[in-house]
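A quick write-up on the structure given underneath.
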Amino acid sequence: MVAPSSLEALIEALRCLPGVGPKSAQRMAYHLMQHDRSGARRLADGLLLALEALRHCRLCNTFSETEICGRCESGKRDARLLCVVETPVDMNMMEQTHAYSGLYYVLMGRVSPLDGIGPRELRLDRLLARACDGVVQEVIVATNYTNEGEATAHYLSEMLKNHGVTVSRIARGVPVGGELEYVDAGTLAQALRERRPLAE
């Protein structure tokens, strides 16, 4: 039995989601059409609304419905600190720590030459202008510890080091609550290299 073309189009559209393969997309499509048509309508409406309403904040580049997002407009943030992250999800994770009160810049990706993503595609000129606005004193690079994230961090460090701002990198090591026997050797080695004195 051949699925109707509209159903095939829905299945193919769902495959654009990360981690969704052909079978998962098929299950989702059939579930929405068979058991949750009102949910399908809400999903469609939500996607259309987001596509029409969302843009990028002029200052931090995250998603916003206004030219400047509420976080960037807040007078309670420390404008001397600028944390660079890969995605809005990473920014949200940083916020959940309640340990950072500065501002952000969201790259919306990472340097990945194999995928054809370089400094131009990430519009790093906008980050440079933001970091060199005369207010920012420290740029905290919080890219992921993947090969691409490390390459991005190195590129940003080289780009910013001669512009009068301090550039730092988030630390890595043993997770809070982690037990050494379950930590991989690479992480443990990095924790040793980044050790610091105990407070007296």
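Convention: chains lettered A, B, ... in structure tokens order; per-chain residue numbering from 1; ligands numbered from 1 as shown.
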Taking only C-alpha atoms into account, produce a table as CSV in which each residue of stretch 83-147 of chain A with an atom at most 6 Å from an atom of stretch 166-175 of chain A appears once, together with its shortest atom pair and the distance in Å to one decimal, ordered by chain and rising number.
residue,atom,partner,partner_atom,distance
A:Glu138,CA,A:Thr166,CA,4.5
A:Val139,CA,A:Val167,CA,4.9
A:Ile140,CA,A:Ser168,CA,4.8
A:Val141,CA,A:Arg169,CA,4.7
A:Ala142,CA,A:Ile170,CA,5.5
Could you write out that same residue set with N, CA, C and O atoms as a PDB file, in the first residue's frame?
ATOM      1  N   GLU A 138      35.692  41.152  29.290  1.00  0.00           N
ATOM      2  CA  GLU A 138      36.081  39.748  29.219  1.00  0.00           C
ATOM      3  C   GLU A 138      35.096  38.984  28.352  1.00  0.00           C
ATOM      4  O   GLU A 138      33.888  39.110  28.502  1.00  0.00           O
ATOM      5  N   VAL A 139      35.652  38.184  27.447  1.00  0.00           N
ATOM      6  CA  VAL A 139      34.845  37.278  26.638  1.00  0.00           C
ATOM      7  C   VAL A 139      35.093  35.867  27.150  1.00  0.00           C
ATOM      8  O   VAL A 139      36.238  35.405  27.194  1.00  0.00           O
ATOM      9  N   ILE A 140      34.037  35.210  27.581  1.00  0.00           N
ATOM     10  CA  ILE A 140      34.116  33.841  28.086  1.00  0.00           C
ATOM     11  C   ILE A 140      33.665  32.909  26.969  1.00  0.00           C
ATOM     12  O   ILE A 140      32.506  32.948  26.552  1.00  0.00           O
ATOM     13  N   VAL A 141      34.582  32.102  26.472  1.00  0.00           N
ATOM     14  CA  VAL A 141      34.250  31.181  25.383  1.00  0.00           C
ATOM     15  C   VAL A 141      33.688  29.904  25.997  1.00  0.00           C
ATOM     16  O   VAL A 141      34.372  29.196  26.723  1.00  0.00           O
ATOM     17  N   ALA A 142      32.411  29.634  25.723  1.00  0.00           N
ATOM     18  CA  ALA A 142      31.722  28.469  26.299  1.00  0.00           C
ATOM     19  C   ALA A 142      31.218  27.560  25.187  1.00  0.00           C
ATOM     20  O   ALA A 142      30.099  27.064  25.235  1.00  0.00           O
TER      21      ALA A 142
END
Extract the full set of strand (DSSP E or B) residues from stretch 5-170 of chain A according to DSSP on the backbone, and format it as a CSV table (one decimal) with N, CA, C and O atoms, in the first residue's frame.
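Now in states_2.csv:
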chain,number,residue,atom,x,y,z
A,55,ARG,N,13.0,36.4,15.2
A,55,ARG,CA,14.1,37.0,14.5
A,55,ARG,C,15.3,36.8,15.4
A,55,ARG,O,15.2,36.2,16.4
A,56,HIS,N,16.4,37.4,15.0
A,56,HIS,CA,17.6,37.3,15.8
A,56,HIS,C,17.8,38.6,16.5
A,56,HIS,O,17.7,39.7,15.9
A,63,PHE,N,17.3,34.0,19.5
A,63,PHE,CA,16.0,34.2,18.9
A,63,PHE,C,15.2,35.2,19.8
A,63,PHE,O,15.3,35.2,21.0
A,64,SER,N,14.5,36.1,19.2
A,64,SER,CA,13.7,37.1,19.9
A,64,SER,C,12.6,37.6,19.0
A,64,SER,O,12.6,37.4,17.8
A,78,ASP,N,25.6,42.2,33.9
A,78,ASP,CA,26.9,42.8,33.9
A,78,ASP,C,27.4,42.9,32.4
A,78,ASP,O,27.9,41.9,31.9
A,79,ALA,N,27.4,44.1,31.9
A,79,ALA,CA,27.7,44.3,30.5
A,79,ALA,C,29.2,44.1,30.2
A,79,ALA,O,29.6,44.1,29.0
A,80,ARG,N,30.0,44.0,31.2
A,80,ARG,CA,31.5,43.8,31.1
A,80,ARG,C,31.8,42.4,30.7
A,80,ARG,O,32.9,42.1,30.2
A,81,LEU,N,30.9,41.5,30.9
A,81,LEU,CA,31.1,40.1,30.6
A,81,LEU,C,30.3,39.6,29.4
A,81,LEU,O,29.1,39.9,29.4
A,82,LEU,N,30.9,38.9,28.5
A,82,LEU,CA,30.2,38.4,27.3
A,82,LEU,C,30.6,37.0,27.1
A,82,LEU,O,31.7,36.6,26.9
A,83,CYS,N,29.6,36.1,27.3
A,83,CYS,CA,29.7,34.7,27.2
A,83,CYS,C,29.3,34.2,25.8
A,83,CYS,O,28.2,34.5,25.4
A,84,VAL,N,30.2,33.6,25.1
A,84,VAL,CA,30.0,33.1,23.7
A,84,VAL,C,29.6,31.6,23.7
A,84,VAL,O,30.4,30.8,24.2
A,85,VAL,N,28.4,31.3,23.2
A,85,VAL,CA,27.9,29.9,23.2
A,85,VAL,C,27.5,29.6,21.8
A,85,VAL,O,27.4,30.4,20.9
A,102,GLY,N,26.4,37.9,33.3
A,102,GLY,CA,26.7,38.8,32.2
A,102,GLY,C,25.8,38.6,31.0
A,102,GLY,O,24.7,38.1,31.1
A,103,LEU,N,26.3,39.1,29.9
A,103,LEU,CA,25.5,39.0,28.6
A,103,LEU,C,26.1,37.9,27.7
A,103,LEU,O,27.1,37.3,28.1
A,104,TYR,N,25.4,37.6,26.6
A,104,TYR,CA,25.7,36.5,25.8
A,104,TYR,C,25.9,36.9,24.3
A,104,TYR,O,25.4,38.0,23.9
A,105,TYR,N,26.6,36.1,23.6
A,105,TYR,CA,26.5,36.1,22.1
A,105,TYR,C,26.4,34.7,21.7
A,105,TYR,O,27.2,33.8,22.0
A,106,VAL,N,25.3,34.4,20.9
A,106,VAL,CA,25.0,33.1,20.4
A,106,VAL,C,25.5,32.9,18.9
A,106,VAL,O,25.1,33.7,18.1
A,112,SER,N,33.2,24.6,11.4
A,112,SER,CA,33.3,23.2,10.9
A,112,SER,C,33.6,23.1,9.4
A,112,SER,O,32.6,23.1,8.6
A,117,ILE,N,31.2,25.3,7.1
A,117,ILE,CA,30.9,26.4,8.0
A,117,ILE,C,32.2,27.0,8.5
A,117,ILE,O,33.0,26.4,9.3
A,138,GLU,N,35.7,41.2,29.3
A,138,GLU,CA,36.1,39.7,29.2
A,138,GLU,C,35.1,39.0,28.4
A,138,GLU,O,33.9,39.1,28.5
A,139,VAL,N,35.7,38.2,27.4
A,139,VAL,CA,34.8,37.3,26.6
A,139,VAL,C,35.1,35.9,27.1
A,139,VAL,O,36.2,35.4,27.2
A,140,ILE,N,34.0,35.2,27.6
A,140,ILE,CA,34.1,33.8,28.1
A,140,ILE,C,33.7,32.9,27.0
A,140,ILE,O,32.5,32.9,26.6
A,141,VAL,N,34.6,32.1,26.5
A,141,VAL,CA,34.3,31.2,25.4
A,141,VAL,C,33.7,29.9,26.0
A,141,VAL,O,34.4,29.2,26.7
A,166,THR,N,40.0,40.6,27.6
A,166,THR,CA,40.5,39.3,28.2
A,166,THR,C,39.6,38.2,27.6
A,166,THR,O,38.4,38.3,27.5
A,167,VAL,N,40.3,37.1,27.2
A,167,VAL,CA,39.5,35.9,26.6
A,167,VAL,C,39.8,34.8,27.5
A,167,VAL,O,40.9,34.4,27.8
A,168,SER,N,38.7,34.2,28.1
A,168,SER,CA,38.8,33.0,28.9
A,168,SER,C,38.0,31.8,28.3
A,168,SER,O,37.2,32.1,27.4
A,169,ARG,N,38.2,30.6,28.9
A,169,ARG,CA,37.5,29.4,28.4
A,169,ARG,C,36.9,28.7,29.6
A,169,ARG,O,37.6,28.6,30.6
